[in-house]
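data-v1.txt (compact mmCIF, C-alpha atoms)
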# COMPACT_ATOMS: atom_id res chain seq x y z
CA MET A 1 -56.57 16.72 28.18
CA ASN A 2 -58.24 15.19 25.17
CA PRO A 3 -59.04 18.14 22.86
CA ASN A 4 -61.95 16.17 21.40
CA ARG A 5 -63.62 15.64 24.77
CA ARG A 6 -67.13 17.07 24.93
CA ARG A 7 -67.69 19.74 27.53
CA THR A 8 -69.99 18.96 30.47
CA ILE A 9 -72.10 21.48 32.38
CA LEU A 10 -73.82 21.05 35.74
CA ILE A 11 -77.19 22.81 36.08
CA THR A 12 -78.99 23.07 39.41
CA GLY A 13 -82.74 23.57 39.52
CA ALA A 14 -82.89 22.08 36.04
CA SER A 15 -86.33 20.49 36.29
CA ALA A 16 -88.26 23.44 34.81
CA GLY A 17 -88.22 27.11 33.84
CA ILE A 18 -84.96 28.90 33.18
CA GLY A 19 -82.91 25.90 34.29
CA ALA A 20 -84.56 23.61 31.73
CA ALA A 21 -84.29 26.31 29.06
CA LEU A 22 -80.57 26.67 29.73
CA ALA A 23 -80.18 22.89 29.52
CA ARG A 24 -81.76 22.95 26.05
CA VAL A 25 -79.45 25.78 24.94
CA TYR A 26 -76.32 23.97 26.09
CA ALA A 27 -77.43 20.66 24.59
CA ALA A 28 -78.01 22.44 21.28
CA LYS A 29 -74.50 23.89 21.53
CA GLY A 30 -72.98 20.44 21.85
CA TRP A 31 -72.48 20.12 25.60
CA ASP A 32 -73.11 17.10 27.78
CA LEU A 33 -75.07 17.79 30.94
CA VAL A 34 -75.46 16.92 34.59
CA LEU A 35 -78.94 17.90 35.74
CA THR A 36 -79.91 18.17 39.38
CA ALA A 37 -83.06 19.13 41.27
CA ARG A 38 -85.30 17.66 43.93
CA ARG A 39 -87.78 16.04 41.51
CA ALA A 40 -86.59 13.03 39.55
CA ARG A 41 -89.43 12.66 37.03
CA PRO A 42 -89.09 16.08 35.33
CA LEU A 43 -85.32 15.65 35.16
CA GLU A 44 -85.66 12.23 33.55
CA THR A 45 -88.17 13.57 31.02
CA LEU A 46 -85.87 16.47 30.16
CA ALA A 47 -82.88 14.10 29.90
CA GLU A 48 -84.72 12.00 27.32
CA GLU A 49 -85.45 15.14 25.29
CA LEU A 50 -81.87 16.39 25.43
CA GLN A 51 -80.47 13.09 24.25
CA GLY A 52 -82.04 13.98 20.93
CA TYR A 53 -79.29 16.59 20.56
CA GLY A 54 -76.67 13.88 20.96
CA SER A 55 -75.90 14.92 24.53
CA VAL A 56 -74.95 12.53 27.29
CA VAL A 57 -77.19 13.52 30.21
CA THR A 58 -76.64 12.48 33.82
CA VAL A 59 -79.44 12.98 36.35
CA ILE A 60 -78.67 13.37 40.05
CA THR A 61 -81.52 14.22 42.42
CA ASP A 62 -80.70 16.16 45.57
CA ASP A 63 -82.01 19.03 47.69
CA LEU A 64 -79.67 22.00 48.03
CA ALA A 65 -81.53 23.03 51.17
CA ASP A 66 -79.53 20.25 52.83
CA PRO A 67 -76.19 21.74 53.94
CA ALA A 68 -74.42 18.52 52.90
CA ALA A 69 -75.83 18.57 49.35
CA PRO A 70 -73.07 20.55 47.52
CA ARG A 71 -70.30 18.24 48.73
CA ARG A 72 -72.49 15.19 48.10
CA LEU A 73 -73.16 16.38 44.56
CA PHE A 74 -69.47 17.04 43.94
CA GLU A 75 -68.54 13.56 45.14
CA ALA A 76 -71.32 11.87 43.14
CA ILE A 77 -70.03 13.53 39.96
CA ALA A 78 -66.44 12.52 40.76
CA GLU A 79 -67.53 8.92 41.30
CA LYS A 80 -68.96 8.93 37.78
CA SER A 81 -65.56 10.15 36.47
CA LEU A 82 -67.19 13.23 34.98
CA ILE A 83 -65.31 16.50 34.49
CA VAL A 84 -67.41 19.60 35.06
CA ASP A 85 -66.45 22.39 32.67
CA GLY A 86 -69.44 24.58 33.42
CA LEU A 87 -71.67 25.31 36.41
CA ILE A 88 -75.06 27.00 36.35
CA ASN A 89 -76.40 27.91 39.79
CA ASN A 90 -80.08 28.24 38.97
CA ALA A 91 -81.97 26.59 41.83
CA GLY A 92 -84.18 28.98 43.75
CA PHE A 93 -87.57 29.85 45.20
CA SER A 94 -89.22 32.60 47.20
CA ARG A 95 -91.63 32.98 50.08
CA THR A 96 -94.02 35.90 49.71
CA ALA A 97 -96.25 35.52 52.78
CA GLY A 98 -94.18 38.07 54.71
CA PHE A 99 -91.16 37.91 56.99
CA LEU A 100 -93.10 37.32 60.20
CA GLN A 101 -95.46 34.87 58.53
CA THR A 102 -92.64 32.69 57.15
CA GLY A 103 -91.02 30.13 59.40
CA PRO A 104 -87.30 30.29 60.21
CA GLU A 105 -86.77 26.92 58.53
CA ALA A 106 -88.05 28.33 55.21
CA HIS A 107 -85.76 31.35 55.52
CA ALA A 108 -82.82 29.05 56.24
CA ALA A 109 -83.67 26.93 53.20
CA MET A 110 -83.80 30.02 50.96
CA ILE A 111 -80.38 31.12 52.16
CA ARG A 112 -78.88 27.66 51.69
CA VAL A 113 -80.34 27.07 48.22
CA MET A 114 -79.72 30.50 46.69
CA LEU A 115 -76.72 31.85 48.59
CA THR A 116 -74.69 29.20 50.39
CA ALA A 117 -74.98 26.41 47.81
CA PRO A 118 -73.90 28.55 44.81
CA VAL A 119 -70.84 29.74 46.74
CA GLU A 120 -69.95 26.21 47.83
CA LEU A 121 -70.47 24.70 44.39
CA ALA A 122 -68.33 27.38 42.76
CA ARG A 123 -65.61 26.79 45.34
CA LEU A 124 -65.72 23.04 44.69
CA PHE A 125 -65.66 23.16 40.89
CA ALA A 126 -63.79 26.39 40.02
CA PRO A 127 -60.30 25.12 40.99
CA GLY A 128 -60.49 22.33 38.41
CA MET A 129 -61.73 24.74 35.78
CA ALA A 130 -58.87 27.15 36.45
CA GLU A 131 -56.33 24.32 36.41
CA ARG A 132 -57.60 23.14 33.02
CA GLY A 133 -57.73 26.69 31.66
CA PHE A 134 -61.42 26.57 30.76
CA GLY A 135 -64.62 27.08 32.70
CA ARG A 136 -68.04 28.67 32.71
CA ILE A 137 -69.98 29.74 35.83
CA LEU A 138 -73.41 31.30 35.41
CA ASN A 139 -75.21 32.43 38.54
CA VAL A 140 -78.91 33.04 37.94
CA ALA A 141 -79.69 36.07 40.08
CA SER A 142 -82.58 38.45 39.42
CA LEU A 143 -83.59 41.98 38.57
CA ALA A 144 -84.75 41.99 42.20
CA GLY A 145 -81.10 41.94 43.22
CA GLN A 146 -80.63 45.33 41.59
CA MET A 147 -83.73 46.89 43.17
CA PRO A 148 -84.55 47.94 46.72
CA ALA A 149 -85.85 44.99 48.70
CA THR A 150 -89.63 44.68 48.85
CA GLY A 151 -91.87 43.70 51.71
CA GLY A 152 -93.48 40.30 51.56
CA ASP A 153 -90.60 38.51 49.84
CA THR A 154 -88.17 40.30 52.15
CA LEU A 155 -85.10 38.07 51.78
CA TYR A 156 -85.31 37.29 48.07
CA GLY A 157 -83.86 40.56 46.73
CA PRO A 158 -81.02 40.76 49.27
CA ILE A 159 -80.01 37.16 48.53
CA LYS A 160 -79.94 37.86 44.80
CA SER A 161 -77.99 41.08 45.42
CA PHE A 162 -75.37 39.04 47.24
CA LEU A 163 -75.21 36.59 44.36
CA ILE A 164 -74.61 39.43 41.88
CA LYS A 165 -71.81 40.91 43.97
CA ALA A 166 -70.22 37.51 44.55
CA SER A 167 -70.36 36.80 40.81
CA GLN A 168 -68.70 40.10 39.99
CA GLY A 169 -65.93 39.46 42.50
CA LEU A 170 -65.31 35.95 41.18
CA HIS A 171 -65.40 37.32 37.62
CA LEU A 172 -62.51 39.63 38.50
CA GLU A 173 -60.61 36.92 40.34
CA MET A 174 -60.89 34.46 37.46
CA ALA A 175 -59.60 36.96 34.88
CA GLY A 176 -56.89 35.38 32.76
CA THR A 177 -57.67 31.81 33.86
CA GLY A 178 -60.05 30.93 31.03
CA VAL A 179 -62.94 30.73 33.50
CA HIS A 180 -65.88 33.01 32.65
CA VAL A 181 -68.25 34.14 35.41
CA THR A 182 -71.56 35.94 34.79
CA ALA A 183 -74.58 36.92 36.87
CA LEU A 184 -77.82 36.55 34.91
CA CYS A 185 -80.51 38.94 36.23
CA PRO A 186 -83.90 38.22 34.64
CA GLY A 187 -87.03 40.15 35.48
CA TYR A 188 -90.49 38.61 35.29
CA THR A 189 -90.18 35.37 33.35
CA LEU A 190 -92.85 32.94 32.21
CA THR A 191 -92.00 29.89 34.33
CA GLU A 192 -93.64 27.91 37.14
CA PHE A 193 -91.78 30.06 39.72
CA HIS A 194 -94.88 32.13 40.53
CA ASP A 195 -97.06 29.05 40.63
CA VAL A 196 -94.82 27.57 43.33
CA ASN A 197 -94.87 30.67 45.53
CA GLY A 198 -98.59 31.19 44.99
CA THR A 199 -98.51 34.57 43.24
CA ARG A 200 -99.38 33.63 39.64
CA ALA A 201 -102.80 35.27 39.60
CA GLU A 202 -101.61 38.43 41.36
CA VAL A 203 -98.52 39.10 39.24
CA SER A 204 -100.34 38.28 36.00
CA ALA A 205 -102.96 40.87 36.85
CA ALA A 206 -100.54 43.45 38.26
CA TYR A 207 -97.94 43.56 35.50
CA PRO A 208 -98.51 44.05 31.75
CA ALA A 209 -97.51 41.48 29.17
CA TRP A 210 -94.59 43.56 27.89
CA MET A 211 -92.83 43.14 31.25
CA TRP A 212 -92.71 39.36 30.84
CA GLN A 213 -90.06 37.38 28.98
CA THR A 214 -89.83 33.74 28.03
CA ALA A 215 -87.43 31.39 29.73
CA GLU A 216 -86.00 30.55 26.30
CA HIS A 217 -85.07 34.19 25.64
CA VAL A 218 -83.52 34.59 29.09
CA ALA A 219 -81.48 31.42 28.56
CA GLU A 220 -80.14 32.57 25.19
CA VAL A 221 -79.15 35.95 26.67
CA GLY A 222 -77.43 34.22 29.58
CA TYR A 223 -75.50 31.88 27.29
CA ALA A 224 -74.29 34.71 25.06
CA ALA A 225 -73.25 36.89 28.01
CA LEU A 226 -71.32 34.04 29.63
CA GLU A 227 -69.47 33.24 26.42
CA ALA A 228 -68.60 36.96 26.12
CA ASN A 229 -67.48 36.87 29.78
CA ARG A 230 -69.72 39.75 30.83
CA PRO A 231 -69.82 40.10 34.63
CA LYS A 232 -73.55 40.80 34.66
CA VAL A 233 -76.44 40.78 32.19
CA THR A 234 -80.06 41.87 32.59
CA PRO A 235 -82.31 40.65 29.75
CA GLY A 236 -84.80 43.17 28.41
CA PHE A 237 -84.63 46.91 27.73
CA MET A 238 -87.23 47.88 30.33
CA ASN A 239 -85.60 45.72 32.98
CA ASN A 240 -82.38 47.65 32.41
CA VAL A 241 -84.30 50.93 32.67
CA LEU A 242 -85.79 49.85 35.99
CA ALA A 243 -82.40 48.74 37.32
CA SER A 244 -80.88 52.07 36.29
CA LEU A 245 -83.68 54.04 37.94
CA ALA A 246 -83.27 52.12 41.17
CA LYS A 247 -79.53 52.74 41.12
CA HIS A 248 -79.70 56.51 40.57
CA LEU A 249 -82.83 57.53 42.47
CA PRO A 250 -82.52 58.65 46.11
CA ASP A 251 -83.16 55.79 48.51
CA GLY A 252 -86.49 57.11 49.72
CA MET A 253 -87.83 57.59 46.20
CA ALA A 254 -86.55 54.17 45.10
CA LEU A 255 -88.24 52.51 48.05
CA ARG A 256 -91.51 54.20 47.18
CA MET A 257 -91.10 53.05 43.58
CA VAL A 258 -91.02 49.41 44.65
CA GLY A 259 -93.23 49.82 47.70
CA GLY A 260 -96.37 49.05 45.73
CA HIS A 261 -95.03 45.66 44.71
CA ALA A 262 -96.06 43.82 47.86
CA LYS A 263 -99.38 45.65 47.95
CA ARG A 264 -100.12 44.51 44.41
CA LEU A 265 -99.36 40.97 45.56
CA LYS A 266 -101.63 41.56 48.58
CA ARG A 267 -98.95 40.19 50.87
CA ILE A 268 -98.67 43.14 53.31
What's the structure tokens form of this structure?
Amino acid sequence: MNPNRRRTILITGASAGIGAALARVYAAKGWDLVLTARRARPLETLAEELQGYGSVVTVITDDLADPAAPRRLFEAIAEKSLIVDGLINNAGFSRTAGFLQTGPEAHAAMIRVMLTAPVELARLFAPGMAERGFGRILNVASLAGQMPATGGDTLYGPIKSFLIKASQGLHLEMAGTGVHVTALCPGYTLTEFHDVNGTRAEVSAAYPAWMWQTAEHVAEVGYAALEANRPKVTPGFMNNVLASLAKHLPDGMALRMVGGHAKRLKRI
């Protein structure tokens, strides 16, 4: 392999929020990028910005809710003769109307985008990384994955919990290969995530400003943890306190601790 070749990282859900912030971090660090999401216009705008860092940016639009999307993305990258040295599984969304009020198709899409697709993409790209002796896989999970599941957004926490456990297992399996694997577990972050799921007004009123972090801070923490090959990182002191409380409290008490979440969102 050419030692002077620039590294390339694939970022899913890169059109906004933490995904876009991570793209800026990696461009600033000298990486080239492959950006993917459903919306072409935000990706193209971000690509123009990142070229200012000297990065070569490739945009591929696709929808990871489609079961065929991971393989299609892998093949599209191969056709462009690009070598993926890093993978950031960031794409995600939630549905907070309640389990019975959310259609099965939306549940299936959540599972495909945030659980199945990250596993499939890692399985597609990790072998090449291990063979070359260098790789980076960052799975953007959530503080919710370390807490008891809440009503209203019933599947979100369990899906993120799976992603954390899968990341930790892959982290152990990749030891000694040069491939780093980290689960990034942000808490409340200032992105359009809550605008999309319709809870912006409720969460802004329910949670104080000190609980919120910027996408830029979360991205920097994620980058540093991945380079250090930490299996899991939770940005923010109070988020770590909350995760620790949830881990050590009896189940009943922990459930009561988070039980007010859905009520504050007025979803149940």
Check: Could you name the residues that touch A:Arg136 at 9 Å or less, counting all atoms listed in the file, but leaving out those on the same chain fewer than 6 positions away, as a PyMOL selection string?
Finding: chain A and resi 9+85-88+126+129+178-182+226-227+229
Next item on the list: Write out as a PyMOL selection string which residues come within 7 Å of stretch 20-35 of chain A when counting only C-alpha atoms, dropping same-chain ones fewer than 6 positions away.
Entry: chain A and resi 6-12+14+43+50+53+55-60+215-216+219-220
Note to self: Nearest residue to A:Leu190 out of A:His107, A:Ile18, A:Arg41, A:Asn4, using only C-alpha atoms?
What the structure shows: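 The closest residue to A:Leu190 is A:Ile18.
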Stretch 104-119 of chain A: axis-aligned bounding box, 6 Å on each side, centre and edge lengths in Å, one decimal, as JSON:
{"center_x": -79.4, "center_y": 29.1, "center_z": 52.5, "size_x": 29.2, "size_y": 17.4, "size_z": 27.4}
Next item on the list: Compile the contact shell of A:Pro70 as a PyMOL selection string: residues with an atom at most 8 Å away, counting all atoms listed in the file, same-chain residues fewer than 2 positions apart removed.
Entry: chain A and resi 64+67-68+72-74+117+120-121
Residues from last step as file, C-alpha atoms, as a PDB file, in the frame of the given file:
ATOM      1  CA  LEU A  64     -79.670  22.000  48.030  1.00  0.00           C
ATOM      2  CA  PRO A  67     -76.190  21.740  53.940  1.00  0.00           C
ATOM      3  CA  ALA A  68     -74.420  18.520  52.900  1.00  0.00           C
ATOM      4  CA  ARG A  72     -72.490  15.190  48.100  1.00  0.00           C
ATOM      5  CA  LEU A  73     -73.160  16.380  44.560  1.00  0.00           C
ATOM      6  CA  PHE A  74     -69.470  17.040  43.940  1.00  0.00           C
ATOM      7  CA  ALA A 117     -74.980  26.410  47.810  1.00  0.00           C
ATOM      8  CA  GLU A 120     -69.950  26.210  47.830  1.00  0.00           C
ATOM      9  CA  LEU A 121     -70.470  24.700  44.390  1.00  0.00           C
TER      10      LEU A 121
END
Next item on the list: Quick one: everything within 7 Å of A:Ala149, counting all atoms listed in the file, minus sequence neighbours fewer than 3 positions away in the same chain. Send it as a list of chain:residue names.
Entry: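 Listing them by chain and then by number gives A:Thr154, A:Gly157, A:Pro158.
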Item checked: Within 9 Å of A:Arg39 using all atoms listed in the file, minus same-chain residues under 2 positions, as a ChimeraX atom specification -> /A:15,36-37,41-43,61-63
Keeping only C-alpha atoms, write the selected residues to a file as a PDB file, keeping the file's coordinate frame.
ATOM      1  CA  SER A  15     -86.330  20.490  36.290  1.00  0.00           C
ATOM      2  CA  THR A  36     -79.910  18.170  39.380  1.00  0.00           C
ATOM      3  CA  ALA A  37     -83.060  19.130  41.270  1.00  0.00           C
ATOM      4  CA  ARG A  41     -89.430  12.660  37.030  1.00  0.00           C
ATOM      5  CA  PRO A  42     -89.090  16.080  35.330  1.00  0.00           C
ATOM      6  CA  LEU A  43     -85.320  15.650  35.160  1.00  0.00           C
ATOM      7  CA  THR A  61     -81.520  14.220  42.420  1.00  0.00           C
ATOM      8  CA  ASP A  62     -80.700  16.160  45.570  1.00  0.00           C
ATOM      9  CA  ASP A  63     -82.010  19.030  47.690  1.00  0.00           C
TER      10      ASP A  63
END
Notebook entry, point to check: Please, what distance in Å, to one decimal, runs between atom CA of A:Leu115 and atom CA of A:Thr234?
Noted result: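 Separation between atom CA of A:Leu115 and atom CA of A:Thr234: 19.2 Å.
One finds atom CA of A:Thr214 at 26.5 Å from atom CA of A:His171.
Counting only C-alpha atoms, the residue from A:Gly52, A:Pro186, A:Pro118, A:Gly133 that sits nearest to A:Gln146 is A:Pro186.
Taking atom CA of A:Asn139 as the reference point, atom CA of A:Asn89 is found at 4.8 Å.
Proximity of A:Ser161, A:Ser94, A:Thr116, A:Asn239 to A:Gly187, computed with all atoms listed in the file, is greatest for A:Asn239.
Distance check against A:Cys185 using all atoms listed in the file: of A:Ala243, A:Val119, A:Gly152, A:Phe134, the minimum falls on A:Ala243.
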Item checked: Option closest in space to A:Met147, from A:Ala246, A:Ala16, A:Lys160, A:Arg5 [counting all atoms listed in the file] -> A:Ala246
Rebuild stretch 166-190 of chain A to N, CA and C atoms - output it as a PDB file, in the frame of the given file, please.
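File produced: rebuild.pdb:
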ATOM      1  N   ALA A 166     -71.154  38.634  44.489  1.00  0.00           N
ATOM      2  CA  ALA A 166     -70.220  37.510  44.550  1.00  0.00           C
ATOM      3  C   ALA A 166     -69.771  37.103  43.148  1.00  0.00           C
ATOM      4  N   SER A 167     -70.698  37.135  42.193  1.00  0.00           N
ATOM      5  CA  SER A 167     -70.360  36.800  40.810  1.00  0.00           C
ATOM      6  C   SER A 167     -69.366  37.802  40.235  1.00  0.00           C
ATOM      7  N   GLN A 168     -69.602  39.073  40.499  1.00  0.00           N
ATOM      8  CA  GLN A 168     -68.700  40.100  39.990  1.00  0.00           C
ATOM      9  C   GLN A 168     -67.304  39.955  40.582  1.00  0.00           C
ATOM     10  N   GLY A 169     -67.237  39.659  41.875  1.00  0.00           N
ATOM     11  CA  GLY A 169     -65.930  39.460  42.500  1.00  0.00           C
ATOM     12  C   GLY A 169     -65.206  38.256  41.933  1.00  0.00           C
ATOM     13  N   LEU A 170     -65.937  37.149  41.736  1.00  0.00           N
ATOM     14  CA  LEU A 170     -65.310  35.950  41.180  1.00  0.00           C
ATOM     15  C   LEU A 170     -64.925  36.186  39.726  1.00  0.00           C
ATOM     16  N   HIS A 171     -65.738  36.951  39.002  1.00  0.00           N
ATOM     17  CA  HIS A 171     -65.400  37.320  37.620  1.00  0.00           C
ATOM     18  C   HIS A 171     -64.032  37.997  37.571  1.00  0.00           C
ATOM     19  N   LEU A 172     -63.798  38.934  38.461  1.00  0.00           N
ATOM     20  CA  LEU A 172     -62.510  39.630  38.500  1.00  0.00           C
ATOM     21  C   LEU A 172     -61.384  38.674  38.891  1.00  0.00           C
ATOM     22  N   GLU A 173     -61.657  37.825  39.866  1.00  0.00           N
ATOM     23  CA  GLU A 173     -60.610  36.920  40.340  1.00  0.00           C
ATOM     24  C   GLU A 173     -60.219  35.881  39.297  1.00  0.00           C
ATOM     25  N   MET A 174     -61.161  35.485  38.466  1.00  0.00           N
ATOM     26  CA  MET A 174     -60.890  34.460  37.460  1.00  0.00           C
ATOM     27  C   MET A 174     -60.314  35.035  36.163  1.00  0.00           C
ATOM     28  N   ALA A 175     -60.140  36.342  36.095  1.00  0.00           N
ATOM     29  CA  ALA A 175     -59.600  36.960  34.880  1.00  0.00           C
ATOM     30  C   ALA A 175     -58.262  36.336  34.508  1.00  0.00           C
ATOM     31  N   GLY A 176     -58.134  35.956  33.257  1.00  0.00           N
ATOM     32  CA  GLY A 176     -56.890  35.380  32.760  1.00  0.00           C
ATOM     33  C   GLY A 176     -56.764  33.880  32.964  1.00  0.00           C
ATOM     34  N   THR A 177     -57.751  33.245  33.611  1.00  0.00           N
ATOM     35  CA  THR A 177     -57.670  31.810  33.860  1.00  0.00           C
ATOM     36  C   THR A 177     -58.404  30.988  32.804  1.00  0.00           C
ATOM     37  N   GLY A 178     -59.200  31.648  31.969  1.00  0.00           N
ATOM     38  CA  GLY A 178     -60.050  30.930  31.030  1.00  0.00           C
ATOM     39  C   GLY A 178     -61.409  30.575  31.598  1.00  0.00           C
ATOM     40  N   VAL A 179     -61.660  30.999  32.848  1.00  0.00           N
ATOM     41  CA  VAL A 179     -62.940  30.730  33.500  1.00  0.00           C
ATOM     42  C   VAL A 179     -63.798  31.999  33.416  1.00  0.00           C
ATOM     43  N   HIS A 180     -64.945  31.899  32.761  1.00  0.00           N
ATOM     44  CA  HIS A 180     -65.880  33.010  32.650  1.00  0.00           C
ATOM     45  C   HIS A 180     -66.905  32.941  33.775  1.00  0.00           C
ATOM     46  N   VAL A 181     -67.247  34.090  34.337  1.00  0.00           N
ATOM     47  CA  VAL A 181     -68.250  34.140  35.410  1.00  0.00           C
ATOM     48  C   VAL A 181     -69.224  35.275  35.108  1.00  0.00           C
ATOM     49  N   THR A 182     -70.517  34.960  35.119  1.00  0.00           N
ATOM     50  CA  THR A 182     -71.560  35.940  34.790  1.00  0.00           C
ATOM     51  C   THR A 182     -72.739  35.788  35.740  1.00  0.00           C
ATOM     52  N   ALA A 183     -73.304  36.917  36.149  1.00  0.00           N
ATOM     53  CA  ALA A 183     -74.580  36.920  36.870  1.00  0.00           C
ATOM     54  C   ALA A 183     -75.691  37.245  35.888  1.00  0.00           C
ATOM     55  N   LEU A 184     -76.660  36.365  35.779  1.00  0.00           N
ATOM     56  CA  LEU A 184     -77.820  36.550  34.910  1.00  0.00           C
ATOM     57  C   LEU A 184     -78.969  37.084  35.763  1.00  0.00           C
ATOM     58  N   CYS A 185     -79.530  38.240  35.380  1.00  0.00           N
ATOM     59  CA  CYS A 185     -80.510  38.940  36.230  1.00  0.00           C
ATOM     60  C   CYS A 185     -81.837  39.129  35.512  1.00  0.00           C
ATOM     61  N   PRO A 186     -82.621  38.068  35.342  1.00  0.00           N
ATOM     62  CA  PRO A 186     -83.900  38.220  34.640  1.00  0.00           C
ATOM     63  C   PRO A 186     -84.922  38.944  35.496  1.00  0.00           C
ATOM     64  N   GLY A 187     -85.866  39.608  34.811  1.00  0.00           N
ATOM     65  CA  GLY A 187     -87.030  40.150  35.480  1.00  0.00           C
ATOM     66  C   GLY A 187     -88.137  39.114  35.471  1.00  0.00           C
ATOM     67  N   TYR A 188     -89.383  39.557  35.304  1.00  0.00           N
ATOM     68  CA  TYR A 188     -90.490  38.610  35.290  1.00  0.00           C
ATOM     69  C   TYR A 188     -90.376  37.683  34.086  1.00  0.00           C
ATOM     70  N   THR A 189     -90.396  36.386  34.369  1.00  0.00           N
ATOM     71  CA  THR A 189     -90.180  35.370  33.350  1.00  0.00           C
ATOM     72  C   THR A 189     -91.303  34.334  33.429  1.00  0.00           C
ATOM     73  N   LEU A 190     -91.739  33.891  32.278  1.00  0.00           N
ATOM     74  CA  LEU A 190     -92.850  32.940  32.210  1.00  0.00           C
ATOM     75  C   LEU A 190     -92.347  31.532  32.554  1.00  0.00           C
TER      76      LEU A 190
END
